[in-house]
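S.K.: For reference, the structure I am asking about is given below.
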Amino acid sequence: MSLGPFIARRLGSSLLAIAGVSVMVFLFLHLIPGDPVDHLAGGEVTPEQRHQIEACMHLDRSLPAQLGIFVTNIGNGTLGHQCPNPETKPTVMARILEVLPYTAKLAAGGLVVAIVLALPLGIIAAVRRGSWVDAVAALTSLSGVSMPTMFMGPVLIFVFFVILGWLPGPAEPDAPFALLLPSLVVGTHLMAMLSRITRSSLVEVLREDYMTTARAKGLRERTVILKHALRNALLPVITVAGLQFGAMLGGTIITEKVFARPGLGTLLLEGIQERNYPIVQGTVLVIAVAYVTVNTLVDLTYGFADPRIRRG
Amino acid sequence: MKKRRLKIGLSPSAWIGLVLVALFLAVALLGPLVAPYSPTAHNLDHILAPPSASHWLGTDQNGVDVLSEMLCGARVALEISTLVVLICAVTGTTLGVLAGYHGGIIDEVVMRIVDILLAFPGILLNIAIVALVAEPGVGVLIIALCVNGWVGYARVARGQVLSLRESEYVAAARAVGASSTRIMIRHIVPNMLSPIVVIASFAFGGVILVEAALSFLGIGPQLSYTWGALLDQGATWIWKTPRMVLLPGLAIMLVVLGTNLLGDGLRDRFDPRNITSRR
């Protein structure tokens, strides 16, 4: 298949996924048992108040009409407003944009930590496979996968903030180096997976004939590994890094709670606690769209690089 | 010993995993029976007490015996994980087999649903479902985890069926007049069980992690002594009693590590390339 239809098909399925996710997010509000008005008003409401809130949330309209309003709100970029008294409160989108930079920084930090730690670990394990170094690397990465985020976070805070006092603690998201510990927590899981992929991918490449050629040319082992082998082994690593982005977004929700950082996760939990459904819907939608977008980009990049994928 | 290993064919690390999982099963099954106190019995005279003869692991901020909480928490984790893995494995495998065997519209619908569910960060979906129910119990949690938990099984099962469907013994069964249902149940499913078992093994630890994460976020099942809830409470008191974080944290980690090691070992064991090289 040539590139054109491949891109069209991939974009089409992404759009379908986003549409499906939107409808699912919309239905959350309507499938769940319990009355949102009761949650919002908190206990006793007069019939007038109830009517007012219902009108504000458009609950008095038919289901298709509500879906229409929901789609319109996505289209005009507000993602809806907060009830009651929508005019006194920022739109859902405004609240999301306010905290988005914190989550973006955390996700980027996690990605950097994961790659910086995973590559050396994977390379050493592949080059010295079968040795005790390989075994230690395997154990490290498996422990990383098995380590609950909500365990690692408090332990790091305890060691580096409470005991050593080297790094800022919770609720100081703007202090210097405040991003370090949260990034470490967010990146560990991904690091563990990436180092395994780096290892297995590099082991495959090291068996190729062009490795023998490179060595026969008299290149130093270091050059052979880093320039010839690693570059060929990186493609699957990049793919997995991209595809695991969603799992990392899940990790940021927990990490934000551990470190009391503002962000999409904190906003989502706040919305859940206050039963503020427009906020919950908006946040879930934004995270899902980010996830789909990254996945699509990864797939497209991979398709450009490797023609075999386009047939899929 | 060596002969035995050849026979069962598990690597040393898989054995470690098996031991960890077996330990967890023993603790979860026997724990609540031997727990010295009730996991909900408050005793405000003994708040945050250090380990002692009467409370081996000390007490928490409500004076509840931590050992009893840990033991009963293990049972909850086992119950939730077992149910979720069973329900998801059966549903996912069934849908995957039907989609792969019949193809056409069933295949199209199932795989589109799979695509949409995969387009969603898994834990976010779990959070959204549990969070919007006013008072989530264990049942709601199980449903939430199953909504997207079956996807992995369905994909693998479908892939397996697509290749098994063309195999000679299935053609032979069809030739002697076996019905589709009989072919699927008697000839296809038994031959694709190993990858399903591998996924289930990994999923078991995964469910414990997600359950702990939801409890930690304050939206798990409304039980005070699940391991995630203990971790959540412990994090508040980490300055004073680090053991309240270390105990549930290490417990979760060891069980998940165990299922991961076991899953890895089983995957290697079932991989035909490894079996030929070993024998």
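All residue names refer to the structure tokens as shown: chains lettered A, B, ... in order, residues numbered from 1 in each chain, ligands numbered from 1 in order.
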Fewer than 2 positions away in the same chain doesn't count, so skip those; otherwise give me all residues within 8 Å of stretch 237-252 of chain A, counting only C-alpha atoms, as a ChimeraX atom specification.
M.R.: /A:103,106-107,110-111,149,186-187,189-190,194,197-198,201,233-235,254-256,265,287,291,294-295,298-299,302 /B:120-124
S.K.: Could you give me, as a PyMOL selection string, the residues within 8 Å of B:Tyr225, counting only C-alpha atoms and dropping anything in the same chain fewer than 5 positions from it?
M.R.: chain B and resi 39-40+69-70+72-73+230
S.K.: With a distance threshold of 6 Å and counting only C-alpha atoms, extract the residues of chain A near chain B and express them as a PDB file with N, CA and C atoms, in the first residue's frame.
M.R.:
```
ATOM      1  N   ALA A  17     -12.101   6.614  16.659  1.00  0.00           N
ATOM      2  CA  ALA A  17     -11.821   6.370  18.065  1.00  0.00           C
ATOM      3  C   ALA A  17     -12.184   7.582  18.907  1.00  0.00           C
ATOM      4  N   SER A 146       6.772  -3.622  38.516  1.00  0.00           N
ATOM      5  CA  SER A 146       5.926  -4.084  39.620  1.00  0.00           C
ATOM      6  C   SER A 146       5.747  -3.026  40.702  1.00  0.00           C
ATOM      7  N   MET A 147       6.557  -1.962  40.657  1.00  0.00           N
ATOM      8  CA  MET A 147       6.517  -0.958  41.723  1.00  0.00           C
ATOM      9  C   MET A 147       5.281  -0.075  41.609  1.00  0.00           C
ATOM     10  N   PHE A 151       3.462   3.815  45.915  1.00  0.00           N
ATOM     11  CA  PHE A 151       4.421   3.354  46.925  1.00  0.00           C
ATOM     12  C   PHE A 151       5.744   4.102  46.735  1.00  0.00           C
ATOM     13  N   GLY A 246       0.068   6.612  27.116  1.00  0.00           N
ATOM     14  CA  GLY A 246      -1.211   6.588  27.833  1.00  0.00           C
ATOM     15  C   GLY A 246      -1.061   6.037  29.227  1.00  0.00           C
ATOM     16  N   GLY A 250      -1.780   7.848  32.958  1.00  0.00           N
ATOM     17  CA  GLY A 250      -2.411   7.273  34.145  1.00  0.00           C
ATOM     18  C   GLY A 250      -1.525   7.465  35.361  1.00  0.00           C
ATOM     19  N   ALA A 288      -7.933  11.666  26.708  1.00  0.00           N
ATOM     20  CA  ALA A 288      -8.139  10.642  25.684  1.00  0.00           C
ATOM     21  C   ALA A 288      -7.686  11.139  24.311  1.00  0.00           C
ATOM     22  N   VAL A 292      -4.892   9.476  21.903  1.00  0.00           N
ATOM     23  CA  VAL A 292      -5.138   9.044  20.523  1.00  0.00           C
ATOM     24  C   VAL A 292      -4.184   9.754  19.567  1.00  0.00           C
TER      25      VAL A 292
END
```
S.K.: One number please: atom CA of A:Phe26 to atom CA of A:Arg50, in Å, one decimal.
M.R.: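 Going from atom CA of A:Phe26 over to atom CA of A:Arg50 covers 21.2 Å.
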S.K.: Leaving out A:Gly77 and any residue of its chain fewer than 3 positions from it, which residues lie within 12 Å of it when counting only C-alpha atoms, given as a list in words?
M.R.: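 The residues satisfying every condition are Phe70, Val71, Thr72, Asn73, Ile74, Gly80, His81, Thr91, Val92, Met93, Ala94, Ile96, Leu97, Gly282 and Val286 of chain A.
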S.K.: Write a file of the selected residues as a short mmCIF file (atom, residue, chain, number, x, y, z; two decimals), in the first residue's frame, keeping C-alpha atoms.
M.R.:
```
data_model
loop_
_atom_site.label_atom_id
_atom_site.label_comp_id
_atom_site.auth_asym_id
_atom_site.auth_seq_id
_atom_site.Cartn_x
_atom_site.Cartn_y
_atom_site.Cartn_z
CA PHE A 70 -22.13 18.43 24.00
CA VAL A 71 -20.75 18.24 20.46
CA THR A 72 -21.31 22.00 19.98
CA ASN A 73 -19.34 22.67 23.15
CA ILE A 74 -16.49 20.56 21.83
CA GLY A 80 -19.09 23.31 28.40
CA HIS A 81 -19.64 25.43 31.48
CA THR A 91 -15.40 27.52 31.14
CA VAL A 92 -14.22 23.93 31.44
CA MET A 93 -11.59 24.56 28.76
CA ALA A 94 -10.21 27.57 30.65
CA ILE A 96 -8.05 22.70 31.80
CA LEU A 97 -5.68 25.12 30.03
CA GLY A 282 -13.79 17.64 29.78
CA VAL A 286 -8.72 15.97 26.73
#
```
S.K.: Could you jot down the atom CA of B:Leu30 to atom CA of B:Phe204 separation for me, Å, one decimal place?
M.R.: 19.3 Å
S.K.: From a DSSP calculation on the backbone, collect every residue of stretch 32-118 of chain A in alpha helix (DSSP H) and output the set as a ChimeraX atom specification.
M.R.: /A:36-41,47-56,63-75,92-118
S.K.: Which residues come within 6 Å of B:Thr59, counting only C-alpha atoms, excluding same-chain residues fewer than 5 positions away, as a PyMOL selection string?
M.R.: chain B and resi 48-49+64-66
S.K.: Residues near stretch 90-97 of chain B, anyone? I mean within 8 Å using only C-alpha atoms, not counting same-chain ones fewer than 4 positions away, as a ChimeraX atom specification.
M.R.: /B:86,101,110,150-158,161,184,189,196
S.K.: Report, in Å to a single decimal, how far apart atom CA of A:Lys257 and atom CA of A:Val280 are.
M.R.: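 Atom CA of A:Val280 sits 16.2 Å away from atom CA of A:Lys257.
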S.K.: Just checking: using only C-alpha atoms, which residue out of B:Ile47, B:Ala175, B:Ala26, B:Leu164 ends up closest to B:Asn191?
M.R.: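 Nearest candidate to B:Asn191 out of B:Ile47, B:Ala175, B:Ala26, B:Leu164: B:Leu164.
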S.K.: Would you pick out the contacts of A:Gln82 at 8 Å or less, using only C-alpha atoms, so that residues sharing its chain but fewer than 6 positions from it are not included, and give the list as a compact mmCIF listing (two decimals) with C-alpha atoms, in the first residue's frame?
M.R.:
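Once written, around-v9.txt looks like this:
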```txt
# COMPACT_ATOMS: atom_id res chain seq x y z
CA LYS A 89 -17.22 30.54 36.59
CA PRO A 90 -14.53 29.92 33.95
CA THR A 91 -15.40 27.52 31.14
CA VAL A 92 -14.22 23.93 31.44
CA ASN A 276 -18.71 18.48 38.78
CA PRO A 278 -18.63 18.91 33.01
CA ILE A 279 -15.11 19.08 34.49
```
